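Chemist: Here it is, the structure, as structure tokens.
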Amino acid sequence: QDGLATKRFGREAVYFDAIASTQNEAHRRAEAGAPEGLVVIADVQTGGRGRLGRSWHSPPETGIWMSLVLRPDVPLPRVPQLTLVAAVSLADTLAACTGLSVGIKWPNDLLAGGRKVCGILTELAAEADRVHYVILGIGLNVNQTEEDFPPELRARAGSLAMAAGRSFSRVALAQRMLEGLEADYDDYLQKGFAPFKRRWEARAVSLGQRVVARTPGGDFVGIARGIDDDGALLLEQANGALRKIYSADLDL
Ligand code: BTN
């Protein structure tokens, strides 16, 4: 924690050499009353989880695998905005720390060097219509080489080191990420989503382009035009109508 300039985020931190998933551990701790800002971080995850029920490859000594407990006082329908706030915040921090150009692929994949380097998993626990807590899971590929990824991931996944041609301190990056997240989270709670929506759109890689949204209800083709206040993707279809996409994988 030396060198960490936050008031809350990461002030309380639990570190594991190895764990199934920091996300699951953060859920357990939040249920047991852990305060906002608690960070669970591990060197290696044996059962890392990704979006849409996928697994997340989390090998030792190369990436940052961490989960942050949040207790935002916002109405339930606004919680998806938090994922986009986190994506913008992390993209800005990583760009500043590495000098790389970091883009966001909807909803919250961070790309550098044309590959996904960071994934974000936001999970919510609610009671009736009140937010109980949110776990913000961050998986950042820092120092992996191409060979560190399983063959089936190599075409799409990369690391900051692969994009920049040099390695980075994982501790320093984790600290800068927590500092940026705390400042942006506080800003979001005070000022709302509008500034973040603009920042998100400025970093988006697919706006104005033809994309295929693979949703549980089928594939939709169209031009990505932006996001709405719920964080849904606005897809302009061939007939000119805008369709809102809430959950999908995007093919660029
Ligand atoms: C994605 O599918 O893009 C999201 C990946 C999120 C991975 C992180 S790593 C730390 C935390 N623990 C997990 O099991 N998953 C998240």
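Ordering of the structure tokens sets the chain letters (A, B, ...); residue numbers start at 1 within each chain; ligands are numbered from 1 in the order shown.
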Within 10 Å of ligand 1 (counting only C-alpha atoms and all ligand atoms), which residues show up? I'd like them as a PyMOL selection string.
Modeler: chain A and resi 19-26+40-42+44-58+63-68+107-110+116-123+135-141
Chemist: Residues within 8 Å of A:Gly113, please, as a list in words. Count only C-alpha atoms; anything in the same chain fewer than 4 positions from it doesn't count.
Modeler: Ser101, Gly158, Met162, Ala163 and Ala164 of chain A
Chemist: Which of stretch 128-225 of chain A end up as strand (DSSP E or B) when DSSP is run on this backbone - answer as a list in words?
Modeler: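 In stretch 128-225 of chain A, DSSP puts these residues in strand (DSSP E or B): Arg130, Val131, His132, Tyr133, Val134, Ile135, Leu136, Gly137, Ile138, Gly139, Leu140, Asn141, Ala157, Ala204, Arg210, Val211, Val212, Ala213, Arg214, Thr215, Gly218, Asp219, Phe220, Val221, Gly222, Ile223, Ala224 and Arg225 of chain A.
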Chemist: Taking C-alpha atoms for each residue, export the selection above as a PDB file, in the first residue's frame.
Modeler:
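Contents of selection12.pdb, freshly written:
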ATOM      1  CA  ARG A 130     -31.937  -1.400  -3.217  1.00  0.00           C
ATOM      2  CA  VAL A 131     -28.328  -1.929  -4.252  1.00  0.00           C
ATOM      3  CA  HIS A 132     -26.670  -4.029  -1.588  1.00  0.00           C
ATOM      4  CA  TYR A 133     -23.217  -4.024  -3.138  1.00  0.00           C
ATOM      5  CA  VAL A 134     -21.443  -4.229  -6.474  1.00  0.00           C
ATOM      6  CA  ILE A 135     -18.305  -6.239  -7.202  1.00  0.00           C
ATOM      7  CA  LEU A 136     -16.130  -4.712  -9.894  1.00  0.00           C
ATOM      8  CA  GLY A 137     -13.813  -7.381 -11.277  1.00  0.00           C
ATOM      9  CA  ILE A 138     -10.843  -6.345 -13.373  1.00  0.00           C
ATOM     10  CA  GLY A 139      -8.633  -8.660 -15.380  1.00  0.00           C
ATOM     11  CA  LEU A 140      -5.676  -6.879 -16.952  1.00  0.00           C
ATOM     12  CA  ASN A 141      -3.093  -8.660 -19.103  1.00  0.00           C
ATOM     13  CA  ALA A 157      -6.121 -11.456 -26.675  1.00  0.00           C
ATOM     14  CA  ALA A 204     -14.993   3.746 -28.439  1.00  0.00           C
ATOM     15  CA  ARG A 210     -20.664  -1.747 -39.196  1.00  0.00           C
ATOM     16  CA  VAL A 211     -20.769  -4.335 -36.428  1.00  0.00           C
ATOM     17  CA  VAL A 212     -22.545  -7.595 -35.714  1.00  0.00           C
ATOM     18  CA  ALA A 213     -24.120  -7.836 -32.263  1.00  0.00           C
ATOM     19  CA  ARG A 214     -24.483 -11.456 -31.221  1.00  0.00           C
ATOM     20  CA  THR A 215     -27.264 -11.391 -28.634  1.00  0.00           C
ATOM     21  CA  GLY A 218     -30.092 -13.578 -32.346  1.00  0.00           C
ATOM     22  CA  ASP A 219     -27.593 -11.606 -34.413  1.00  0.00           C
ATOM     23  CA  PHE A 220     -28.166  -7.973 -35.370  1.00  0.00           C
ATOM     24  CA  VAL A 221     -26.167  -6.132 -38.000  1.00  0.00           C
ATOM     25  CA  GLY A 222     -25.912  -2.365 -38.104  1.00  0.00           C
ATOM     26  CA  ILE A 223     -23.839   0.761 -37.618  1.00  0.00           C
ATOM     27  CA  ALA A 224     -22.788   1.407 -34.006  1.00  0.00           C
ATOM     28  CA  ARG A 225     -23.958   4.964 -33.273  1.00  0.00           C
TER      29      ARG A 225
END
Chemist: Counting only C-alpha atoms, figure out which residue out of A:Phe16, A:Arg8, A:Asp2, A:Ser89 gets nearest to A:Leu181.
Modeler: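 Selected residue with least distance to A:Leu181: A:Ser89.
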Chemist: Could you tell me, as a VMD selection string, which residues of stretch 119-222 of chain A DSSP assigns to alpha helix (DSSP H) when given the backbone?
Modeler: chain A and resid 160 to 164 170 to 191 194 to 203
Chemist: Rounded to one decimal place, report the atom CA of A:Pro195-atom CA of A:Gly99 distance in Å.
Modeler: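 Straight-line distance from atom CA of A:Pro195 to atom CA of A:Gly99 works out to 22.9 Å.
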Chemist: Smallest atom-to-atom distance to A:Leu160: which of A:Pro75, A:Gly226, A:Pro80, A:Gly114, using only C-alpha atoms?
Modeler: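 When distances to A:Leu160 are compared using only C-alpha atoms, the smallest one comes from A:Gly114.
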Chemist: Can you tell me which residues surround A:Asp184 at a distance of at most 12 Å, considering only C-alpha atoms, apart from same-chain residues fewer than 5 positions away, and format the answer as a list in words?
Modeler: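 Once the nearby chain positions are removed, what remains is Thr6, Phe9, Leu82, Thr83, Leu84, Val85, Ala86, Ala87, Val88, Ser89, Leu90, Ala91, Asp92, Thr93, Met177, Leu178, Glu179, Leu189, Gln190, Lys191, Gly192, Phe193, Pro195, Phe196 and Arg199 of chain A.
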Chemist: With only C-alpha atoms as the basis for distance, which of A:Ala202, A:Leu173, A:Ala95, A:Ala241 is at the shortest distance from A:Ile227?
Modeler: A:Ala202
Chemist: Can you list, as a ChimeraX atom specification, every protein, DNA or RNA residue that comes within 7 Å of A:Gly10 when you count only C-alpha atoms, leaving out same-chain residues fewer than 3 positions away?
Modeler: /A:13,37-39,178
Chemist: Separation of atom CA of A:Thr62 and atom CA of A:Lys105, in Å?
Modeler: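 Rounded to one decimal, the two atoms are 22.7 Å apart.
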Chemist: If you measure from atom CA of A:Asp230 to atom CA of A:Gly103, what distance in Å do you get, rounded to one decimal?
Modeler: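 One can read the atom CA of A:Asp230 to atom CA of A:Gly103 distance as 20.1 Å.
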Chemist: Skipping near chain neighbours, those fewer than 4 positions away, what residues fall within 9 Å of A:Ala161 using only C-alpha atoms, listed as a short mmCIF file (atom, residue, chain, number, x, y, z; two decimals) with N, CA and C atoms, in the first residue's frame?
Modeler:
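Written output follows (out_32.cif):
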data_model
loop_
_atom_site.label_atom_id
_atom_site.label_comp_id
_atom_site.auth_asym_id
_atom_site.auth_seq_id
_atom_site.Cartn_x
_atom_site.Cartn_y
_atom_site.Cartn_z
N ASN A 141 -4.29 -7.94 -18.62
CA ASN A 141 -3.09 -8.66 -19.10
C ASN A 141 -1.95 -7.66 -19.21
N VAL A 142 -0.94 -7.85 -18.38
CA VAL A 142 0.15 -6.85 -18.33
C VAL A 142 1.38 -7.33 -19.09
N ASN A 143 2.01 -8.41 -18.62
CA ASN A 143 3.32 -8.77 -19.16
C ASN A 143 3.33 -10.09 -19.94
N GLN A 144 2.19 -10.59 -20.33
CA GLN A 144 2.17 -11.84 -21.11
C GLN A 144 2.83 -11.65 -22.47
N THR A 145 3.45 -12.74 -22.94
CA THR A 145 3.87 -12.79 -24.34
C THR A 145 2.82 -13.62 -25.07
N GLY A 165 5.81 -3.28 -26.36
CA GLY A 165 7.18 -3.73 -26.56
C GLY A 165 8.07 -3.55 -25.34
N ARG A 166 7.45 -3.38 -24.17
CA ARG A 166 8.22 -3.36 -22.92
C ARG A 166 7.31 -3.83 -21.80
N SER A 167 7.91 -4.18 -20.66
CA SER A 167 7.08 -4.68 -19.56
C SER A 167 6.77 -3.55 -18.58
N PHE A 168 5.81 -3.81 -17.70
CA PHE A 168 5.34 -2.79 -16.76
C PHE A 168 5.27 -3.37 -15.36
#
Chemist: Taking only C-alpha atoms into account, name the residue in A:Ala112, A:Ala183, A:Ala248, A:Ala30 that is nearest to A:Arg71.
Modeler: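 Closest to A:Arg71, using only C-alpha atoms: A:Ala30.
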